[in-house]
file structure_25.txt (compact mmCIF, C-alpha atoms)
# COMPACT_ATOMS: atom_id res chain seq x y z
CA MET A 26 -16.44 -18.43 3.99
CA ARG A 27 -13.29 -19.94 5.51
CA TYR A 28 -12.39 -16.59 7.05
CA SER A 29 -15.83 -16.36 8.64
CA ILE A 30 -15.48 -19.84 10.10
CA MET A 31 -12.03 -19.06 11.49
CA LEU A 32 -13.26 -15.86 13.07
CA GLN A 33 -16.24 -17.63 14.62
CA LEU A 34 -13.93 -20.33 15.95
CA ALA A 35 -11.59 -17.72 17.40
CA THR A 36 -14.54 -15.97 19.04
CA GLY A 37 -15.76 -19.24 20.54
CA ILE A 38 -12.34 -20.16 21.92
CA THR A 39 -11.91 -16.67 23.34
CA THR A 40 -15.24 -17.03 25.14
CA ILE A 41 -14.11 -20.35 26.57
CA LEU A 42 -10.82 -18.81 27.65
CA VAL A 43 -12.57 -15.96 29.44
CA ALA A 44 -14.95 -18.38 31.14
CA THR A 45 -12.02 -20.57 32.21
CA ALA A 46 -10.22 -17.56 33.65
CA ALA A 47 -13.36 -16.57 35.55
CA LEU A 48 -13.73 -20.09 36.92
CA PHE A 49 -10.08 -20.13 37.90
CA ALA A 50 -10.48 -16.85 39.80
CA TRP A 51 -13.61 -18.16 41.53
CA ILE A 52 -11.88 -21.36 42.65
CA GLN A 53 -8.95 -19.42 44.04
CA SER A 54 -11.31 -17.22 46.03
CA ARG A 55 -13.08 -20.21 47.59
CA SER A 56 -11.97 -21.75 50.85
CA ILE A 57 -11.43 -25.43 50.08
CA PRO A 58 -10.08 -27.64 52.87
CA GLU A 59 -8.53 -30.19 50.52
CA GLU A 60 -5.47 -28.35 49.27
CA GLY A 61 -4.43 -31.28 47.08
CA ALA A 62 -7.73 -31.19 45.21
CA LEU A 63 -7.45 -27.43 44.70
CA GLU A 64 -3.93 -27.78 43.33
CA THR A 65 -5.07 -30.47 40.90
CA ILE A 66 -7.93 -28.30 39.61
CA VAL A 67 -5.63 -25.31 39.23
CA ASN A 68 -3.12 -27.35 37.23
CA ILE A 69 -5.86 -28.63 34.92
CA LEU A 70 -7.19 -25.14 34.32
CA GLN A 71 -3.70 -23.83 33.61
CA ARG A 72 -3.13 -26.55 31.02
CA ILE A 73 -6.50 -25.80 29.41
CA SER A 74 -5.60 -22.12 29.25
CA ILE A 75 -2.23 -22.82 27.62
CA PHE A 76 -3.86 -25.15 25.10
CA ILE A 77 -6.51 -22.58 24.16
CA LEU A 78 -3.89 -19.83 23.84
CA ALA A 79 -1.86 -22.05 21.50
CA ILE A 80 -4.94 -22.63 19.32
CA LEU A 81 -5.64 -18.89 19.23
CA ALA A 82 -2.05 -18.20 18.21
CA LEU A 83 -2.31 -20.79 15.43
CA ILE A 84 -5.57 -19.31 14.16
CA SER A 85 -4.03 -15.84 14.18
CA LEU A 86 -1.05 -17.06 12.14
CA ILE A 87 -3.38 -18.72 9.62
CA LEU A 88 -5.45 -15.55 9.26
CA ILE A 89 -2.37 -13.37 8.81
CA ALA A 90 -0.88 -15.76 6.24
CA SER A 91 -4.11 -16.07 4.25
CA PRO A 92 -4.40 -13.70 1.28
CA ALA A 93 -7.02 -10.97 1.17
CA VAL A 94 -9.24 -11.36 -1.89
CA ILE A 95 -10.31 -8.33 -3.93
CA ILE A 96 -13.68 -8.75 -5.65
CA PRO A 97 -13.92 -6.38 -8.65
CA PRO A 98 -17.35 -5.22 -9.83
CA VAL A 99 -19.08 -7.21 -12.54
CA ASN A 100 -19.63 -5.38 -15.82
CA PRO A 101 -18.85 -1.79 -14.73
CA LEU A 102 -20.80 0.80 -16.72
CA VAL A 103 -17.77 2.62 -18.14
CA PRO A 104 -14.81 0.34 -17.40
CA VAL A 105 -11.36 1.73 -16.67
CA THR A 106 -8.33 -0.13 -15.34
CA VAL A 107 -6.94 0.46 -11.86
CA TYR A 108 -3.86 -1.12 -10.30
CA VAL A 109 -2.93 -2.39 -6.85
CA VAL A 110 0.83 -2.39 -6.24
CA ASP A 111 1.55 -5.12 -3.69
CA SER A 112 5.04 -5.19 -2.16
CA GLY A 113 4.28 -7.98 0.31
CA LEU A 114 4.21 -5.65 3.32
CA HIS A 115 2.68 -2.46 1.97
CA SER A 116 0.30 -1.68 -0.87
CA ARG A 117 -0.59 1.28 -3.06
CA LEU A 118 -3.40 2.17 -5.45
CA VAL A 119 -2.95 3.53 -8.96
CA LEU A 120 -5.86 5.32 -10.68
CA PRO A 121 -6.28 6.67 -14.21
CA ASP A 122 -5.35 10.32 -14.62
CA GLY A 123 -6.30 11.83 -17.96
CA ASP A 124 -6.13 9.94 -21.23
CA ASP A 125 -3.10 7.72 -20.66
CA GLY A 126 -1.72 9.08 -17.40
CA LEU A 127 -1.82 7.41 -14.00
CA ILE A 128 -1.60 8.63 -10.43
CA GLN A 129 -0.46 6.55 -7.50
CA TYR A 130 -1.74 7.05 -3.96
CA ALA A 131 -0.17 5.57 -0.85
CA TYR A 132 -0.68 5.78 2.90
CA GLY A 133 1.91 5.11 5.57
CA ASP A 134 3.88 6.32 8.57
CA TRP A 135 5.17 9.89 8.18
CA ARG A 136 8.66 9.34 9.57
CA TYR A 137 9.23 5.89 8.07
CA PHE A 138 7.60 6.38 4.66
CA ALA A 139 7.84 10.09 3.91
CA LEU A 140 11.04 11.07 5.73
CA ASN A 141 12.91 7.79 5.13
CA GLN A 142 13.71 7.46 8.83
CA GLN A 143 13.74 3.68 8.58
CA ASP A 144 15.80 2.88 11.65
CA LEU A 145 14.78 0.28 14.19
CA GLY A 146 13.24 2.85 16.53
CA SER A 147 11.02 4.39 13.86
CA GLY A 148 9.93 0.97 12.63
CA PHE A 149 9.09 -0.18 16.15
CA ALA A 150 7.14 3.02 16.87
CA ALA A 151 5.16 2.66 13.64
CA LEU A 152 4.13 -0.86 14.63
CA MET A 153 3.52 -0.48 18.33
CA ILE A 154 2.06 3.00 18.90
CA PRO A 155 -0.13 5.43 16.93
CA THR A 156 2.11 7.71 14.87
CA GLN A 157 1.66 10.52 12.38
CA GLY A 158 0.19 9.17 9.16
CA THR A 159 1.01 10.38 5.67
CA LEU A 160 -0.69 10.46 2.28
CA GLY A 161 1.57 10.28 -0.75
CA ARG A 162 1.01 10.54 -4.47
CA ARG A 163 2.98 10.33 -7.69
CA LYS A 164 2.03 10.77 -11.34
CA TYR A 165 3.06 8.58 -14.27
CA GLU A 166 2.80 9.34 -17.96
CA ASN A 167 1.63 5.82 -18.81
CA ILE A 168 1.58 2.22 -17.59
CA ALA A 169 5.05 1.58 -19.07
CA GLN A 170 6.58 4.23 -16.82
CA LEU A 171 4.86 2.69 -13.79
CA GLN A 172 6.17 -0.77 -14.66
CA GLN A 173 9.72 0.57 -14.97
CA THR A 174 9.63 1.67 -11.33
CA ILE A 175 8.43 -1.69 -10.01
CA ASP A 176 10.93 -4.23 -8.67
CA ALA A 177 10.76 -7.87 -9.70
CA ASN A 178 9.50 -8.94 -6.26
CA ILE A 179 6.54 -6.54 -6.36
CA THR A 180 3.17 -7.67 -7.73
CA ILE A 181 0.83 -5.49 -9.77
CA LEU A 182 -2.84 -6.46 -9.87
CA ASP A 183 -5.04 -4.85 -12.51
CA PHE A 184 -8.82 -4.94 -12.83
CA ALA A 185 -11.68 -2.89 -14.22
CA VAL A 186 -13.96 -0.59 -12.23
CA ASP A 187 -16.45 2.09 -13.17
CA LYS A 188 -14.88 5.35 -14.35
CA ALA A 189 -17.23 7.50 -12.26
CA LYS A 190 -16.07 5.71 -9.11
CA THR A 191 -12.40 6.39 -9.87
CA THR A 192 -13.18 10.05 -10.49
CA GLN A 193 -15.00 10.24 -7.16
CA LEU A 194 -12.17 8.54 -5.24
CA LYS A 195 -9.46 10.63 -6.93
CA LYS A 196 -11.34 13.82 -6.03
CA MET A 197 -11.64 12.71 -2.39
CA LEU A 198 -7.95 11.78 -2.10
CA ASP A 199 -6.83 15.02 -3.76
CA GLN A 200 -8.98 16.99 -1.32
CA ARG A 201 -7.35 15.19 1.60
CA PHE A 202 -3.96 15.97 0.09
CA GLN A 203 -4.77 19.66 -0.40
CA GLN A 204 -6.09 20.05 3.16
CA ASN A 205 -2.56 19.50 4.47
CA ILE A 206 -0.61 20.96 1.56
CA THR A 207 1.44 23.16 3.92
CA THR A 208 3.15 20.00 5.21
CA GLN A 209 4.10 18.77 1.72
CA ILE A 210 7.56 17.33 1.16
CA PHE A 211 9.18 15.51 -1.75
CA ASN A 212 10.90 12.16 -1.22
CA PRO A 213 13.64 11.72 -3.84
CA LEU A 214 14.01 7.99 -3.14
CA ASN A 215 10.48 7.00 -4.19
CA GLN A 216 9.77 10.17 -6.20
CA MET A 217 6.56 10.80 -4.26
CA ASN A 218 5.07 13.92 -2.72
CA PHE A 219 3.80 13.50 0.83
CA VAL A 220 1.60 15.44 3.23
CA GLN A 221 0.71 14.65 6.81
CA ALA A 222 -2.58 12.75 7.04
CA ASP A 223 -5.43 13.39 9.46
CA LEU A 224 -5.49 9.70 10.46
CA ASP A 225 -2.84 8.18 12.71
CA TYR A 226 -0.82 5.25 11.43
CA THR A 227 -1.15 2.13 13.57
CA LEU A 228 -0.72 -1.61 13.23
CA TYR A 229 -4.49 -1.87 12.85
CA HIS A 230 -4.74 1.01 10.39
CA ASN A 231 -1.80 0.70 8.04
CA SER A 232 -1.41 1.12 4.29
CA ASN A 233 -3.33 -2.08 3.58
CA HIS A 234 -6.33 -1.13 5.70
CA GLU A 235 -6.42 2.27 3.98
CA LEU A 236 -6.24 0.54 0.59
CA VAL A 237 -9.23 -1.63 1.51
CA ALA A 238 -11.23 1.52 2.33
CA TRP A 239 -10.31 2.99 -1.06
CA LEU A 240 -11.27 -0.21 -2.86
CA LYS A 241 -14.68 -0.23 -1.19
CA THR A 242 -15.24 3.24 -2.67
CA LEU A 243 -14.62 1.62 -6.06
CA ASP A 244 -17.26 -1.05 -5.28
CA CYS A 245 -14.53 -3.63 -4.70
CA PRO A 246 -15.17 -5.47 -1.42
CA VAL A 247 -12.25 -7.34 0.10
CA GLU A 248 -12.63 -10.71 1.80
CA GLY A 249 -10.20 -12.00 4.39
CA PHE A 250 -8.01 -10.79 7.20
CA VAL A 251 -6.03 -7.69 6.25
CA LEU A 252 -2.73 -6.92 7.95
CA LEU A 253 0.05 -7.57 5.46
CA ALA A 254 -0.16 -6.83 1.76
CA ASP A 255 -0.99 -10.21 0.28
CA PHE A 256 -3.83 -9.42 -2.11
CA GLN A 257 -5.34 -11.63 -4.79
CA LEU A 258 -8.13 -11.16 -7.31
CA LYS A 259 -11.25 -13.28 -7.27
call {"tool": "encode", "arguments": {"input": "structure_25.txt", "output": "structure tokens"}}
result
Amino acid sequence: MRYSIMLQLATGITTILVATAALFAWIQSRSIPEEGALETIVNILQRISIFILAILALISLILIASPAVIIPPVNPLVPVTVYVVDSGLHSRLVLPDGDDGLIQYAYGDWRYFALNQQDLGSGFAALMIPTQGTLGRRKYENIAQLQQTIDANITILDFAVDKAKTTQLKKMLDQRFQQNITTQIFNPLNQMNFVQADLDYTLYHNSNHELVAWLKTLDCPVEGFVLLADFQLK
């Protein structure tokens, strides 16, 4: 609910800002003999605009800092455990694979994530302009092997979903992987196989937005503003 209120407030302030800008443009286009009065009005409108922009910036910071909340399904028919690996900036999804095995899926920027070209230029390009996306995957024998690869500052969230939903999502992701199998490379640093994805990587469609789409396939809606990986369970 608080996210909805914040978004409504931001929309309202944006409307006011646009109306103020329109009024400002109209006043400037008018021929007013009293230049002092015009200057006073212009100064007032400029201060209002700055104030509204500051509020918008504050609201944006609050939304970005607020965690996104994953809502697992209640009483799934055939429950199986899935995992969200949250590094604070990026996130990955781990699904069951066979009896005890697991398979991790991740989305990111091709150059930065798959090719390890993590220089300033590649990072800036990944944030500012649409770049080639990548889909990665890695298999684990069991949960213990997954945990051994996780650093202390990385969070693992686990929750139950319906087995049929995980099978459906895994099939879809594997099909996407196979469609671009000719571009497959292996990254020895993170031990993942990557292919080029059909979707571009952008600031507004990063690994966390892709994760949210995958979670919805598992009947797990996500509440809140999603940009950074700061997920919590409801």
call {"tool": "atom_distance", "arguments": {"input": "structure_25.txt", "atom1": "CA of Glu248 (chain A)", "atom2": "CA of Arg117 (chain A)"}}
result
17.7 Å
call {"tool": "residues_near_point", "arguments": {"input": "structure_25.txt", "point": "(-6.7, 3.7, -13.2)", "cutoff": "10 Å", "atoms": "all atoms listed in the file", "output": "PyMOL selection string"}}
result
chain A and resi 104-109+118-123+125-129+168+183-188+191-192+195
call {"tool": "residues_around", "arguments": {"input": "structure_25.txt", "residues": "Asn141 (chain A)", "least_positions_apart": "5", "cutoff": "10 Å", "atoms": "all atoms listed in the file", "output": "VMD selection string"}}
result
chain A and resid 134 to 136 147 212 to 215
call {"tool": "atom_distance", "arguments": {"input": "structure_25.txt", "atom1": "CA of Val237 (chain A)", "atom2": "CA of Met153 (chain A)"}}
result
21.1 Å
call {"tool": "residues_around", "arguments": {"input": "structure_25.txt", "residues": "Ile96 (chain A)", "least_positions_apart": "4", "cutoff": "9 Å", "atoms": "all atoms listed in the file", "output": "list in words"}}
result
Asp244, Cys245, Pro246, Val247, Glu248, Gln257, Leu258 and Lys259 of chain A
call {"tool": "atom_distance", "arguments": {"input": "structure_25.txt", "atom1": "CA of Pro98 (chain A)", "atom2": "CA of Glu166 (chain A)"}}
result
26.2 Å
call {"tool": "closest_residue", "arguments": {"input": "structure_25.txt", "among": "A:Leu182, A:Leu228, A:Ala222, A:Ala151", "to": "Asp111 (chain A)", "atoms": "only C-alpha atoms"}}
result
A:Leu182
call {"tool": "residues_around", "arguments": {"input": "structure_25.txt", "residues": "Asp225 (chain A)", "least_positions_apart": "6", "cutoff": "9 Å", "atoms": "all atoms listed in the file", "output": "PyMOL selection string"}}
result
chain A and resi 134+155-159+231
call {"tool": "write_last_selection", "arguments": {"input": "structure_25.txt", "atoms": "C-alpha atoms", "output": "compact mmCIF listing (two decimals), in the frame of the given file"}}
result
# COMPACT_ATOMS: atom_id res chain seq x y z
CA ASP A 134 3.88 6.32 8.57
CA PRO A 155 -0.13 5.43 16.93
CA THR A 156 2.11 7.71 14.87
CA GLN A 157 1.66 10.52 12.38
CA GLY A 158 0.19 9.17 9.16
CA THR A 159 1.01 10.38 5.67
CA ASN A 231 -1.80 0.70 8.04
call {"tool": "closest_residue", "arguments": {"input": "structure_25.txt", "among": "A:Gln142, A:Gln216, A:Gln200, A:Asn68", "to": "Lys164 (chain A)", "atoms": "all atoms listed in the file"}}
result
A:Gln216
call {"tool": "closest_residue", "arguments": {"input": "structure_25.txt", "among": "A:Met197, A:Leu171, A:Ser116, A:Gly133", "to": "Phe219 (chain A)", "atoms": "all atoms listed in the file"}}
result
A:Gly133
call {"tool": "closest_residue", "arguments": {"input": "structure_25.txt", "among": "A:Tyr165, A:Trp239, A:Phe256, A:Phe250", "to": "His115 (chain A)", "atoms": "all atoms listed in the file"}}
result
A:Phe256
call {"tool": "closest_residue", "arguments": {"input": "structure_25.txt", "among": "A:Val99, A:Leu152, A:Ile175, A:Leu160", "to": "Ile210 (chain A)", "atoms": "only C-alpha atoms"}}
result
A:Leu160
call {"tool": "closest_residue", "arguments": {"input": "structure_25.txt", "among": "A:Leu253, A:Ile95, A:Leu145, A:Val220", "to": "Ala238 (chain A)", "atoms": "only C-alpha atoms"}}
result
A:Ile95
call {"tool": "build_atoms", "arguments": {"input": "structure_25.txt", "residues": "region 129-143 of chain A", "atoms": "N, CA, C and O atoms", "output": "mmCIF file, in the frame of the given file"}}
result
data_model
loop_
_atom_site.group_PDB
_atom_site.id
_atom_site.type_symbol
_atom_site.label_atom_id
_atom_site.label_comp_id
_atom_site.auth_asym_id
_atom_site.auth_seq_id
_atom_site.Cartn_x
_atom_site.Cartn_y
_atom_site.Cartn_z
ATOM 1 N N GLN A 129 -0.576 7.533 -8.575
ATOM 2 C CA GLN A 129 -0.460 6.550 -7.500
ATOM 3 C C GLN A 129 -0.688 7.233 -6.152
ATOM 4 O O GLN A 129 -0.139 8.303 -5.886
ATOM 5 N N TYR A 130 -1.487 6.564 -5.310
ATOM 6 C CA TYR A 130 -1.740 7.050 -3.960
ATOM 7 C C TYR A 130 -1.244 5.999 -2.964
ATOM 8 O O TYR A 130 -1.405 4.797 -3.188
ATOM 9 N N ALA A 131 -0.680 6.480 -1.864
ATOM 10 C CA ALA A 131 -0.170 5.570 -0.850
ATOM 11 C C ALA A 131 -0.334 6.196 0.522
ATOM 12 O O ALA A 131 -0.250 7.418 0.682
ATOM 13 N N TYR A 132 -0.540 5.337 1.512
ATOM 14 C CA TYR A 132 -0.680 5.780 2.900
ATOM 15 C C TYR A 132 0.376 5.063 3.732
ATOM 16 O O TYR A 132 0.713 3.905 3.460
ATOM 17 N N GLY A 133 0.905 5.754 4.740
ATOM 18 C CA GLY A 133 1.910 5.110 5.570
ATOM 19 C C GLY A 133 2.270 5.957 6.775
ATOM 20 O O GLY A 133 1.577 6.916 7.117
ATOM 21 N N ASP A 134 3.375 5.594 7.416
ATOM 22 C CA ASP A 134 3.880 6.320 8.570
ATOM 23 C C ASP A 134 4.733 7.492 8.079
ATOM 24 O O ASP A 134 5.594 7.328 7.210
ATOM 25 N N TRP A 135 4.506 8.673 8.641
ATOM 26 C CA TRP A 135 5.170 9.890 8.180
ATOM 27 C C TRP A 135 6.694 9.786 8.260
ATOM 28 O O TRP A 135 7.393 10.034 7.286
ATOM 29 N N ARG A 136 7.211 9.393 9.396
ATOM 30 C CA ARG A 136 8.660 9.340 9.570
ATOM 31 C C ARG A 136 9.280 8.225 8.722
ATOM 32 O O ARG A 136 10.298 8.423 8.040
ATOM 33 N N TYR A 137 8.656 7.060 8.746
ATOM 34 C CA TYR A 137 9.230 5.890 8.070
ATOM 35 C C TYR A 137 9.095 5.993 6.554
ATOM 36 O O TYR A 137 10.042 5.697 5.817
ATOM 37 N N PHE A 138 7.918 6.410 6.093
ATOM 38 C CA PHE A 138 7.600 6.380 4.660
ATOM 39 C C PHE A 138 7.988 7.681 3.966
ATOM 40 O O PHE A 138 8.623 7.669 2.900
ATOM 41 N N ALA A 139 7.608 8.808 4.562
ATOM 42 C CA ALA A 139 7.840 10.090 3.910
ATOM 43 C C ALA A 139 9.243 10.630 4.141
ATOM 44 O O ALA A 139 9.880 11.161 3.229
ATOM 45 N N LEU A 140 9.738 10.504 5.385
ATOM 46 C CA LEU A 140 11.040 11.070 5.730
ATOM 47 C C LEU A 140 12.188 10.091 5.617
ATOM 48 O O LEU A 140 13.342 10.458 5.859
ATOM 49 N N ASN A 141 11.878 8.829 5.285
ATOM 50 C CA ASN A 141 12.910 7.790 5.130
ATOM 51 C C ASN A 141 13.692 7.535 6.414
ATOM 52 O O ASN A 141 14.848 7.102 6.370
ATOM 53 N N GLN A 142 13.064 7.774 7.557
ATOM 54 C CA GLN A 142 13.710 7.460 8.830
ATOM 55 C C GLN A 142 13.385 6.008 9.171
ATOM 56 O O GLN A 142 12.536 5.722 10.007
ATOM 57 N N GLN A 143 14.078 5.096 8.513
ATOM 58 C CA GLN A 143 13.740 3.680 8.580
ATOM 59 C C GLN A 143 14.668 2.915 9.520
ATOM 60 O O GLN A 143 15.060 1.789 9.245
#
